[in-house]
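This is run22.txt (compact mmCIF, C-alpha atoms and all ligand atoms).
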```
# COMPACT_ATOMS: atom_id res chain seq x y z
CA MET A 1 80.96 114.12 108.58
CA ASN A 2 78.44 111.28 108.39
CA ALA A 3 78.63 111.25 104.61
CA ILE A 4 82.40 110.84 104.77
CA VAL A 5 82.17 107.92 107.19
CA ILE A 6 79.56 106.23 104.99
CA GLN A 7 81.73 106.80 101.93
CA LEU A 8 84.79 105.30 103.64
CA LEU A 9 82.85 102.30 104.94
CA GLY A 10 81.34 101.77 101.49
CA SER A 11 84.79 101.99 99.94
CA ALA A 12 86.17 99.46 102.43
CA VAL A 13 83.41 96.99 101.52
CA ALA A 14 84.08 97.59 97.83
CA VAL A 15 87.81 96.97 98.37
CA ALA A 16 87.08 93.65 100.06
CA ALA A 17 84.76 92.66 97.22
CA MET A 18 87.27 93.58 94.50
CA VAL A 19 90.07 91.66 96.24
CA GLY A 20 87.72 88.68 96.55
CA ILE A 21 86.90 88.81 92.85
CA ALA A 22 90.61 89.11 91.97
CA ALA A 23 91.30 86.00 94.09
CA TRP A 24 88.38 84.13 92.53
CA ALA A 25 89.50 84.94 88.98
CA ARG A 26 92.96 83.39 89.50
CA ILE A 27 94.68 85.44 86.83
CA PRO A 28 98.19 86.03 88.21
CA ARG A 29 101.16 85.97 85.87
CA PRO A 30 102.62 82.53 85.39
CA CYS A 31 105.54 82.27 87.82
CA PRO A 32 106.71 78.64 87.87
CA ALA A 33 109.36 77.24 90.22
CA LEU A 34 112.85 78.15 89.08
CA ASP A 35 115.19 75.84 87.27
CA GLU A 36 118.72 76.94 86.55
CA ALA A 37 117.95 78.33 83.10
CA ALA A 38 115.03 80.39 84.40
CA ALA A 39 117.11 81.74 87.28
CA ARG A 40 119.87 82.75 84.87
CA GLU A 41 117.37 84.49 82.64
CA ILE A 42 116.05 86.58 85.53
CA LEU A 43 119.56 87.36 86.79
CA ALA A 44 120.61 88.48 83.31
CA VAL A 45 117.76 91.00 83.31
CA GLU A 46 118.30 92.16 86.89
CA TYR A 47 122.12 92.25 86.74
CA PRO A 48 123.04 92.68 83.08
CA ASP A 49 126.59 93.82 83.88
CA HIS A 50 127.39 91.01 86.33
CA PRO A 51 128.81 87.72 84.98
CA VAL A 52 127.08 84.91 86.84
CA GLY A 53 128.81 81.67 87.87
CA ALA A 54 127.01 78.57 89.04
CA VAL A 55 123.59 79.07 90.57
CA TRP A 56 122.22 77.67 93.84
CA LEU A 57 118.48 77.01 93.72
CA ALA A 58 116.14 77.08 96.69
CA ALA A 59 114.62 73.67 97.45
CA ASP A 60 111.13 74.80 96.38
CA GLY A 61 112.32 76.75 93.35
CA ALA A 62 111.09 79.99 94.92
CA GLY A 63 114.50 81.63 94.90
CA ALA A 64 118.12 81.41 93.89
CA ILE A 65 121.54 82.67 94.93
CA ALA A 66 124.31 83.20 92.41
CA ARG A 67 127.88 84.32 92.89
CA SER A 68 129.30 87.15 90.84
CA GLY A 69 132.80 88.02 92.01
CA ASP A 70 132.54 89.24 95.59
CA LEU A 71 128.78 89.58 95.38
CA ALA A 72 125.88 87.26 96.02
CA LEU A 73 122.97 87.95 93.69
CA VAL A 74 119.73 86.80 95.29
CA ILE A 75 116.27 86.42 93.79
CA GLY A 76 113.14 85.46 95.68
CA ARG A 77 109.51 85.03 94.71
CA LEU A 78 106.92 87.57 95.83
CA GLY A 79 103.41 86.58 94.78
CA ASP A 80 103.63 86.07 91.03
CA SER A 81 106.80 88.15 90.56
CA TRP A 82 110.47 88.18 91.52
CA VAL A 83 112.47 90.46 93.79
CA SER A 84 116.25 90.72 93.60
CA ARG A 85 118.93 91.98 95.96
CA ASP A 86 122.70 91.71 96.22
CA LEU A 87 125.03 91.53 99.18
CA PRO A 88 128.66 90.61 99.85
CA TRP A 89 129.24 86.92 99.12
CA ASP A 90 130.78 86.34 102.55
CA ARG A 91 127.68 87.69 104.24
CA ALA A 92 125.44 85.45 102.16
CA LEU A 93 127.58 82.43 103.17
CA ALA A 94 127.29 83.40 106.83
CA SER A 95 123.52 83.98 106.70
CA GLU A 96 121.56 82.30 109.44
CA ILE A 97 119.51 79.22 108.67
CA ARG A 98 116.34 78.78 110.65
CA GLY A 99 113.27 76.62 110.04
CA GLY A 100 114.85 75.14 106.92
CA ARG A 101 115.36 78.53 105.33
CA VAL A 102 118.43 80.62 104.73
CA ARG A 103 117.56 84.12 105.90
CA ILE A 104 119.13 86.65 103.57
CA ARG A 105 119.09 90.10 105.15
CA THR A 106 119.94 93.37 103.45
CA ALA A 107 120.08 96.82 105.00
CA ASP A 108 117.67 98.59 102.66
CA SER A 109 114.21 99.46 103.90
CA GLY A 110 112.48 98.16 100.76
CA ALA A 111 113.29 94.45 101.00
CA PRO A 112 115.06 93.54 104.19
CA ARG A 113 114.06 89.86 104.15
CA LEU A 114 114.45 87.10 101.59
CA ASP A 115 114.03 83.60 103.07
CA LEU A 116 114.96 80.74 100.76
CA ALA A 117 114.21 77.05 101.40
CA VAL A 118 117.19 74.79 102.02
CA SER A 119 117.14 70.99 101.69
CA GLY A 120 119.58 68.12 102.19
CA VAL A 121 120.05 67.82 98.45
CA ASN A 122 121.11 71.44 98.05
CA PRO A 123 122.39 72.60 101.42
CA TRP A 124 123.37 76.17 102.17
CA PRO A 125 126.17 77.11 102.20
CA PRO A 126 126.81 74.97 99.13
CA GLU A 127 129.20 72.08 99.78
CA HIS A 128 131.35 72.87 96.80
CA GLU A 129 131.55 76.59 97.07
CA ARG A 130 134.11 76.55 94.27
CA ASP A 131 131.37 75.38 91.90
CA LEU A 132 129.59 78.66 92.48
CA ALA A 133 132.59 80.87 91.80
CA ALA A 134 132.12 83.11 88.83
CA MET B 135 73.97 130.12 87.62
CA THR B 136 76.16 130.85 90.64
CA LEU B 137 79.00 128.62 91.67
CA ASP B 138 80.68 128.78 95.04
CA PRO B 139 84.24 129.88 94.28
CA ILE B 140 85.63 128.22 97.41
CA LYS B 141 83.67 125.04 98.08
CA PRO B 142 83.62 122.79 94.98
CA ALA B 143 80.10 122.01 93.75
CA PHE B 144 81.22 118.40 93.25
CA ASP B 145 84.28 116.19 93.66
CA PRO B 146 85.10 114.34 90.44
CA VAL B 147 87.02 111.63 92.31
CA THR B 148 84.16 110.82 94.70
CA LEU B 149 81.73 110.71 91.79
CA ALA B 150 84.04 108.33 89.95
CA ILE B 151 84.30 105.74 92.76
CA PRO B 152 81.46 103.57 91.36
CA LEU B 153 83.16 103.75 87.96
CA PHE B 154 86.43 102.56 89.55
CA VAL B 155 84.70 99.55 91.09
CA ILE B 156 82.79 98.57 87.96
CA THR B 157 85.79 98.88 85.64
CA ILE B 158 88.17 96.99 87.94
CA VAL B 159 85.68 94.13 88.18
CA GLY B 160 85.25 94.38 84.39
CA GLU B 161 89.01 94.22 83.78
CA ILE B 162 89.34 91.17 86.05
CA ILE B 163 86.47 89.37 84.31
CA LEU B 164 87.81 90.19 80.83
CA GLY B 165 91.19 88.86 81.97
CA ARG B 166 89.58 85.73 83.35
CA LEU B 167 87.72 85.16 80.05
CA ARG B 168 91.00 85.84 78.21
CA LYS B 169 89.29 88.63 76.27
CA ALA B 170 91.86 91.18 77.42
CA LYS B 171 95.40 91.26 78.74
CA ALA B 172 95.08 91.64 82.50
CA ALA B 173 96.96 90.07 85.40
CA TYR B 174 95.89 90.39 89.04
CA GLU B 175 97.69 89.05 92.11
CA PRO B 176 95.16 89.28 94.98
CA ARG B 177 97.64 90.46 97.62
CA ASP B 178 99.05 93.05 95.23
CA THR B 179 95.49 94.17 94.44
CA ALA B 180 94.66 94.41 98.14
CA THR B 181 97.74 96.57 98.73
CA SER B 182 96.88 98.89 95.84
CA LEU B 183 93.28 99.36 96.92
CA MET B 184 94.14 99.82 100.59
CA MET B 185 96.70 102.44 99.62
CA GLY B 186 93.88 104.21 97.75
CA LEU B 187 91.59 104.07 100.76
CA GLY B 188 94.37 105.22 103.09
CA SER B 189 95.22 108.07 100.75
CA ASN B 190 91.63 109.21 101.00
CA ILE B 191 91.91 109.27 104.80
CA ALA B 192 95.31 111.00 104.74
CA GLY B 193 93.76 113.60 102.42
CA LEU B 194 91.03 114.31 104.99
CA LEU B 195 93.70 114.96 107.62
CA THR B 196 95.82 117.38 105.56
CA GLY B 197 93.00 118.68 103.36
CA ALA B 198 92.00 121.49 105.72
CA VAL B 199 95.51 122.97 105.69
CA VAL B 200 95.75 122.75 101.91
CA ILE B 201 92.34 124.40 101.39
CA ALA B 202 93.20 127.16 103.88
CA ALA B 203 96.47 127.84 102.01
CA VAL B 204 94.79 127.97 98.61
CA VAL B 205 92.02 130.24 99.86
CA GLY B 206 94.58 132.40 101.67
CA VAL B 207 96.64 132.93 98.53
CA TRP B 208 93.50 133.52 96.45
CA GLN B 209 92.73 136.57 98.67
CA PHE B 210 95.76 138.20 97.01
CA ARG B 211 94.75 137.22 93.47
CA ILE B 212 95.98 139.25 90.52
CA PHE B 213 92.89 138.77 88.34
CA ASP B 214 89.25 138.04 89.07
CA ILE B 215 88.58 134.94 87.03
CA PRO B 216 84.88 134.02 86.82
CA MET B 217 84.06 130.34 87.31
CA THR B 218 81.24 130.56 84.78
CA ALA B 219 83.38 131.65 81.82
CA TRP B 220 84.21 128.91 79.29
CA TRP B 221 87.64 130.40 78.59
CA ALA B 222 88.51 130.15 82.27
CA TRP B 223 87.98 126.37 82.12
CA VAL B 224 90.08 126.10 78.96
CA ALA B 225 92.84 128.10 80.62
CA ILE B 226 92.86 126.08 83.82
CA PHE B 227 92.79 122.83 81.83
CA PHE B 228 96.15 123.70 80.26
CA LEU B 229 97.69 125.45 83.27
CA GLU B 230 96.71 122.74 85.76
CA ASP B 231 98.07 120.08 83.41
CA LEU B 232 101.35 121.97 83.07
CA THR B 233 101.53 122.24 86.87
CA TYR B 234 100.89 118.51 87.12
CA TYR B 235 103.75 117.78 84.69
CA TRP B 236 106.26 119.66 86.83
CA PHE B 237 104.87 118.23 90.07
CA HIS B 238 105.26 114.76 88.63
CA ARG B 239 108.74 115.39 87.24
CA LEU B 240 109.91 116.79 90.59
CA SER B 241 108.37 113.75 92.28
CA HIS B 242 110.66 111.48 90.27
CA GLU B 243 113.83 113.53 90.04
CA ARG B 244 114.24 114.58 93.70
CA ARG B 245 114.27 112.06 96.52
CA PHE B 246 112.30 114.07 99.09
CA TRP B 247 109.26 114.12 96.80
CA TRP B 248 109.98 110.68 95.38
CA ALA B 249 109.59 109.35 98.95
CA SER B 250 105.94 110.37 98.75
CA HIS B 251 105.31 109.33 95.13
CA VAL B 252 107.27 106.04 95.09
CA ASN B 253 104.31 104.11 96.49
CA HIS B 254 102.37 104.66 93.25
CA HIS B 255 105.15 102.83 91.39
CA SER B 256 105.71 100.06 93.92
CA SER B 257 103.50 97.42 92.26
CA GLN B 258 104.98 94.99 89.78
CA HIS B 259 101.55 94.93 88.19
CA TYR B 260 99.96 97.42 85.86
CA ASN B 261 96.20 97.28 86.03
CA LEU B 262 93.32 99.55 87.00
CA ALA B 263 93.86 98.74 90.68
CA THR B 264 97.42 100.09 90.41
CA ALA B 265 95.93 103.47 89.51
CA LEU B 266 94.41 103.69 92.99
CA ARG B 267 97.76 103.03 94.72
CA GLN B 268 98.01 106.65 95.83
CA THR B 269 100.28 108.45 98.25
CA TRP B 270 99.67 108.86 101.97
CA THR B 271 102.38 111.45 102.50
CA GLY B 272 101.77 113.95 99.70
CA GLY B 273 100.37 116.48 102.16
CA ILE B 274 103.57 116.30 104.22
CA ALA B 275 105.84 116.40 101.17
CA GLY B 276 104.16 119.71 100.34
CA THR B 277 103.89 119.25 96.58
CA TRP B 278 100.45 120.88 96.77
CA LEU B 279 102.33 124.19 97.09
CA LEU B 280 102.93 123.97 93.33
CA TRP B 281 99.22 124.60 92.72
CA LEU B 282 99.20 127.85 94.72
CA PRO B 283 100.29 130.03 91.76
CA LEU B 284 97.00 129.14 90.04
CA ALA B 285 95.17 130.71 92.99
CA LEU B 286 97.48 133.70 92.90
CA ILE B 287 96.69 134.24 89.22
CA GLY B 288 93.05 134.27 90.27
CA PHE B 289 91.52 130.87 89.57
CA PRO B 290 88.95 130.22 92.33
CA PRO B 291 89.93 127.44 94.79
CA ALA B 292 86.88 125.37 93.82
CA MET B 293 87.91 125.49 90.18
CA ILE B 294 91.43 124.31 90.99
CA ALA B 295 90.05 121.46 93.12
CA ILE B 296 87.65 120.34 90.38
CA GLN B 297 90.30 120.44 87.65
CA LYS B 298 92.74 118.50 89.87
CA GLY B 299 90.03 115.90 90.37
CA ILE B 300 89.28 115.70 86.64
CA SER B 301 92.99 115.08 85.97
CA LEU B 302 93.15 112.30 88.56
CA VAL B 303 90.06 110.62 87.12
CA TYR B 304 91.47 110.93 83.58
CA GLN B 305 94.67 109.24 84.68
CA TYR B 306 92.76 106.31 86.12
CA TRP B 307 91.77 104.59 82.88
CA ILE B 308 95.27 104.64 81.39
CA HIS B 309 96.54 102.15 84.00
CA THR B 310 95.78 99.07 81.92
CA GLU B 311 97.44 96.54 79.65
CA ALA B 312 94.07 95.74 78.11
CA ILE B 313 94.39 98.64 75.66
CA GLY B 314 97.31 98.52 73.22
CA LYS B 315 97.49 101.79 71.32
CA MET B 316 94.83 104.43 70.85
CA PRO B 317 94.32 106.07 67.41
CA ARG B 318 97.45 107.85 66.25
CA TRP B 319 96.07 111.41 66.67
CA PHE B 320 95.04 110.56 70.22
CA GLU B 321 98.47 109.13 71.11
CA ALA B 322 100.04 112.31 69.73
CA VAL B 323 98.12 114.66 72.02
CA PHE B 324 96.90 112.75 75.07
CA ASN B 325 98.46 110.63 77.77
CA THR B 326 97.48 107.03 77.00
CA PRO B 327 97.87 103.51 78.42
CA SER B 328 100.89 103.04 76.14
CA HIS B 329 102.62 106.26 77.27
CA HIS B 330 101.92 105.62 80.93
CA ARG B 331 103.09 101.98 80.76
CA VAL B 332 106.46 103.45 79.83
CA HIS B 333 106.21 105.73 82.85
CA HIS B 334 105.65 102.74 85.17
CA ALA B 335 108.42 100.64 83.58
CA ARG B 336 111.67 99.79 85.37
CA ASN B 337 113.57 98.94 82.17
CA PRO B 338 116.55 101.34 82.08
CA ARG B 339 115.56 102.62 78.63
CA TYR B 340 112.18 103.75 79.95
CA LEU B 341 113.24 105.38 83.25
CA ASP B 342 112.24 108.97 84.04
CA ALA B 343 109.90 109.49 81.10
CA ASN B 344 106.31 110.48 80.32
CA TYR B 345 105.37 112.60 83.34
CA ALA B 346 102.17 113.78 81.67
CA GLY B 347 98.81 114.10 83.39
CA ILE B 348 96.23 114.50 80.63
CA LEU B 349 98.29 115.89 77.73
CA ILE B 350 101.48 114.17 76.54
CA ILE B 351 102.52 117.39 74.77
CA TRP B 352 104.47 118.60 77.84
CA ASP B 353 106.83 115.62 77.68
CA LYS B 354 107.40 116.28 74.00
CA LEU B 355 107.99 119.96 74.73
CA PHE B 356 110.40 119.41 77.62
CA GLY B 357 112.25 116.41 76.21
CA THR B 358 111.03 113.64 78.50
CA PHE B 359 108.90 111.69 76.02
CA ILE B 360 109.82 108.06 75.30
CA PRO B 361 107.49 105.91 73.16
CA GLU B 362 106.68 102.29 74.04
CA THR B 363 108.37 99.89 71.63
CA ASP B 364 107.28 96.37 70.77
CA GLU B 365 110.84 94.98 71.08
CA GLU B 366 110.97 95.78 74.76
CA PRO B 367 107.78 95.29 76.76
CA PRO B 368 107.73 97.29 80.00
CA ARG B 369 108.59 95.50 83.23
CA TYR B 370 106.73 97.27 86.01
CA GLY B 371 107.68 98.44 89.46
CA LEU B 372 110.75 99.92 91.07
CA VAL B 373 114.38 99.60 90.07
CA LYS B 374 114.68 97.68 93.36
CA ASN B 375 111.30 96.12 94.00
CA LEU B 376 109.77 95.82 97.44
CA GLY B 377 110.13 92.53 99.30
CA ASP B 378 106.57 92.18 100.56
CA PHE B 379 103.01 93.54 100.24
CA ASN B 380 102.99 95.37 103.59
CA ILE B 381 101.14 98.68 103.09
CA LEU B 382 103.22 100.40 105.78
CA ARG B 383 106.36 99.46 103.87
CA VAL B 384 104.80 100.73 100.65
CA ALA B 385 103.83 104.03 102.29
CA PHE B 386 106.95 104.74 104.31
CA HIS B 387 109.98 102.74 103.10
CA GLU B 388 111.66 105.59 101.25
CA TRP B 389 111.12 108.00 104.15
CA ILE B 390 112.76 105.42 106.42
CA GLY B 391 115.57 105.06 103.88
CA ILE B 392 116.12 108.83 103.95
CA GLY B 393 116.15 108.77 107.75
CA LYS B 394 118.74 105.97 107.84
CA ASP B 395 120.94 107.79 105.34
CA LEU B 396 120.72 111.09 107.21
CA MET B 397 122.00 109.32 110.35
CA THR B 398 125.21 108.52 108.45
CA ALA B 399 125.60 111.92 106.76
CA ARG B 400 128.92 113.60 107.60
CA SER B 401 128.46 117.05 106.04
CA PRO B 402 125.75 119.52 104.98
CA ARG B 403 126.47 118.48 101.39
CA GLU B 404 125.60 114.87 102.23
CA VAL B 405 122.44 115.93 104.06
CA LEU B 406 121.31 117.92 101.02
CA GLY B 407 122.26 115.10 98.66
CA TYR B 408 120.33 112.47 100.59
CA LEU B 409 117.29 114.75 100.87
CA PHE B 410 117.14 116.51 97.52
CA GLY B 411 119.51 114.62 95.26
CA PRO B 412 118.07 112.26 92.68
CA PRO B 413 116.76 108.97 94.11
CA GLY B 414 119.77 106.68 94.56
CA TRP B 415 122.19 109.55 95.20
CA SER B 416 125.13 108.61 97.43
CA PRO B 417 128.24 110.58 98.46
CA ASP B 418 130.62 108.21 96.66
CA GLY B 419 128.30 107.46 93.74
CA SER B 420 128.24 103.76 94.68
CA ARG B 421 124.46 103.47 94.33
CA GLU B 422 122.54 103.42 91.09
CA THR B 423 120.47 106.39 89.91
CA SER B 424 118.27 106.55 86.80
CA LYS B 425 121.12 108.34 85.09
CA THR B 426 123.75 105.66 85.79
CA LEU B 427 121.31 102.88 84.89
CA LYS B 428 120.52 104.59 81.60
CA ALA B 429 124.20 105.18 80.85
CA LYS B 430 125.01 101.51 81.47
CA TRP B 431 122.13 100.46 79.26
CA LEU B 432 123.36 102.75 76.48
CA ALA B 433 126.88 101.37 76.83
CA ARG B 434 125.53 97.82 76.46
CA GLN B 435 123.59 98.87 73.36
CA GLU B 436 126.74 100.37 71.83
CA ALA B 437 128.82 97.31 72.74
CA ALA B 438 126.26 95.03 71.12
CA LYS B 439 126.43 97.06 67.91
CA GLU B 440 130.22 96.98 67.59
CA PRO B 441 131.79 94.04 65.78
CA ALA B 442 133.58 91.56 68.05
CA PRO B 443 137.28 92.42 68.48
CA PRO B 444 139.76 90.15 66.69
CA LEU B 445 140.90 87.24 68.84
CA ALA B 446 144.60 88.02 68.67
CA ALA B 447 146.04 91.49 68.36
CA GLU B 448 149.51 92.08 66.95
ZN ZN A 501 105.17 108.72 88.55
ZN ZN A 502 100.50 105.81 87.22
```

Serialized structure, structure tokens:
Amino acid sequence: MNAIVIQLLGSAVAVAAMVGIAAWARIPRPCPALDEAAAREILAVEYPDHPVGAVWLAADGAGAIARSGDLALVIGRLGDSWVSRDLPWDRALASEIRGGRVRIRTADSGAPRLDLAVSGVNPWPPEHERDLAA
Amino acid sequence: MTLDPIKPAFDPVTLAIPLFVITIVGEIILGRLRKAKAAYEPRDTATSLMMGLGSNIAGLLTGAVVIAAVVGVWQFRIFDIPMTAWWAWVAIFFLEDLTYYWFHRLSHERRFWWASHVNHHSSQHYNLATALRQTWTGGIAGTWLLWLPLALIGFPPAMIAIQKGISLVYQYWIHTEAIGKMPRWFEAVFNTPSHHRVHHARNPRYLDANYAGILIIWDKLFGTFIPETDEEPPRYGLVKNLGDFNILRVAFHEWIGIGKDLMTARSPREVLGYLFGPPGWSPDGSRETSKTLKAKWLARQEAAKEPAPPLAAE
């Protein structure tokens, strides 16, 4: 029993050390703030069968919402990677805004929250919703 | 030499822990020095390693039941297989690896077992730390039952445990982008970083392939082998990637998804579909499965090949 506890404690210390070294090394993938072209590139990979209209970009470039027919295609940054989800366009329009972020909620248990920064320059919902129509 | 047929003389995974630490640090430093292809996101790394630690603890909790079952079945063994015979180790090497192939294939093709295995695929990274992102719920999913026939044949429980450990340790080193391709003869016979990158890829063309443990021959035999191609580098993770690094989400999200779906099930057929259908199964087929994603990918490939239709038709 003792040996197991020692092994687990040792492993926990080793985990902390390895995470520390990974943080020190600073070798994530490059994941720059999105511009429209970059957002379109990601959407084309994530939703290859969905034609994408105009794209709304989060104020900090850490996410985007695009309209494709009745759907909103959403991407958000997680660490050095991107996560995508879709939901009905009407629901995306009606999403709550709190603390300067539009809170996109989906029902799946894998990614229920995507919060994207809104600013005065690019408010959500977009002023000219027509511009976003696919 | 006498070997205890029930209690393993050593645990390959425990012995390998120092190796895990040294090689992960080595991969990070080589990546930092730009001597090797390696990307680490600290929060992703923390999640992977904590899943590994948690898996260890979960194993302690269910381990007693699993050992009791293996020993129980072994009492009814058909043959007496001596642990000290070289041929017994050769035999269990192949038979355990074959068992692993089917365990792994089941774990991808049926949602109940996918719910336990999905965590191993939940990182968008592919590095040595990803290898340690191991399940917490394998004991509950009951996939260990698949190893019981080895005990029934007559392989001693300790032998099965050691060979299982050897397989797990073998599969550790292949979780890396630092190694491109191994020599051709090696790629032909063994599971390699290249083959297993395909297994971790979410690109439709690579889905549901390369279930191998140590030997890639099983995938070639059973038609699930897909080689890595230079034109399409693997993108790692799940078809729908997780939205945060929360280890509880990693460990339990698919079980919660099953629970939510079962609440809406309207017939025994739907219950069975949600539990044992392929991941993504839905009564009306509105969700994507590996099969539909592959079919759509193939259709796009075909469409790209065909010449553009004339602008005006008579
Ligand atoms: Zn797998
Ligand atoms: Zn793996």

- Task: Show me which bits of chain A are within 8 Å of chain B, counting only C-alpha atoms, as a count of residues only.
- Result: 31

Counting all atoms listed in the file, which residues of chain B fall within 8 Å of ligand ZN 501 (chain A), and what is the closest atom pair for each with its distance in Å at one decimal, ordered by chain and rising number, as CSV?
```
residue,atom,partner,partner_atom,distance
B:His238,CA,A:ZN501,ZN,6.0
B:Arg239,CA,A:ZN501,ZN,7.7
B:Ser241,CA,A:ZN501,ZN,7.0
B:His242,CA,A:ZN501,ZN,6.4
B:His251,CA,A:ZN501,ZN,6.6
B:Val252,CA,A:ZN501,ZN,7.4
B:His254,CA,A:ZN501,ZN,6.8
B:His255,CA,A:ZN501,ZN,6.5
B:His333,CA,A:ZN501,ZN,6.5
B:His334,CA,A:ZN501,ZN,6.9
B:Tyr345,CA,A:ZN501,ZN,6.5
```

- Task: Check the smallest atom-to-atom distance from each of B:Leu232, B:Ala292, B:Ala198, B:Ile313 to Ile351 of chain B using only C-alpha atoms, then report the winner.
- Result: B:Leu232

Proximity of chain B to ligand ZN 502 (chain A): per-residue shortest pair, 10 Å limit, only C-alpha atoms and all ligand atoms, as CSV:
```
residue,atom,partner,partner_atom,distance
B:His251,CA,A:ZN502,ZN,9.9
B:His254,CA,A:ZN502,ZN,6.4
B:His255,CA,A:ZN502,ZN,6.9
B:Tyr260,CA,A:ZN502,ZN,8.5
B:Asn261,CA,A:ZN502,ZN,9.6
B:Leu262,CA,A:ZN502,ZN,9.5
B:Thr264,CA,A:ZN502,ZN,7.2
B:Ala265,CA,A:ZN502,ZN,5.6
B:Leu266,CA,A:ZN502,ZN,8.7
B:Arg267,CA,A:ZN502,ZN,8.5
B:Gln268,CA,A:ZN502,ZN,9.0
B:Leu302,CA,A:ZN502,ZN,9.9
B:Gln305,CA,A:ZN502,ZN,7.2
B:Tyr306,CA,A:ZN502,ZN,7.8
B:Trp307,CA,A:ZN502,ZN,9.8
B:Ile308,CA,A:ZN502,ZN,7.9
B:His309,CA,A:ZN502,ZN,6.3
B:Thr310,CA,A:ZN502,ZN,9.8
B:Pro327,CA,A:ZN502,ZN,9.5
B:His330,CA,A:ZN502,ZN,6.5
B:Arg331,CA,A:ZN502,ZN,7.9
B:Val332,CA,A:ZN502,ZN,9.8
B:His333,CA,A:ZN502,ZN,7.2
B:His334,CA,A:ZN502,ZN,6.3
B:Tyr345,CA,A:ZN502,ZN,9.2
B:Ala346,CA,A:ZN502,ZN,9.9
B:Gly347,CA,A:ZN502,ZN,9.3
```

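Our summary of the geometry notes that atom CA of Asp418 of chain B is positioned 26.1 Å from atom CA of Gln435 of chain B.
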
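The two atoms in question, atom CA of Leu282 of chain B and atom CA of Lys141 of chain B, are spaced 16.1 Å apart.
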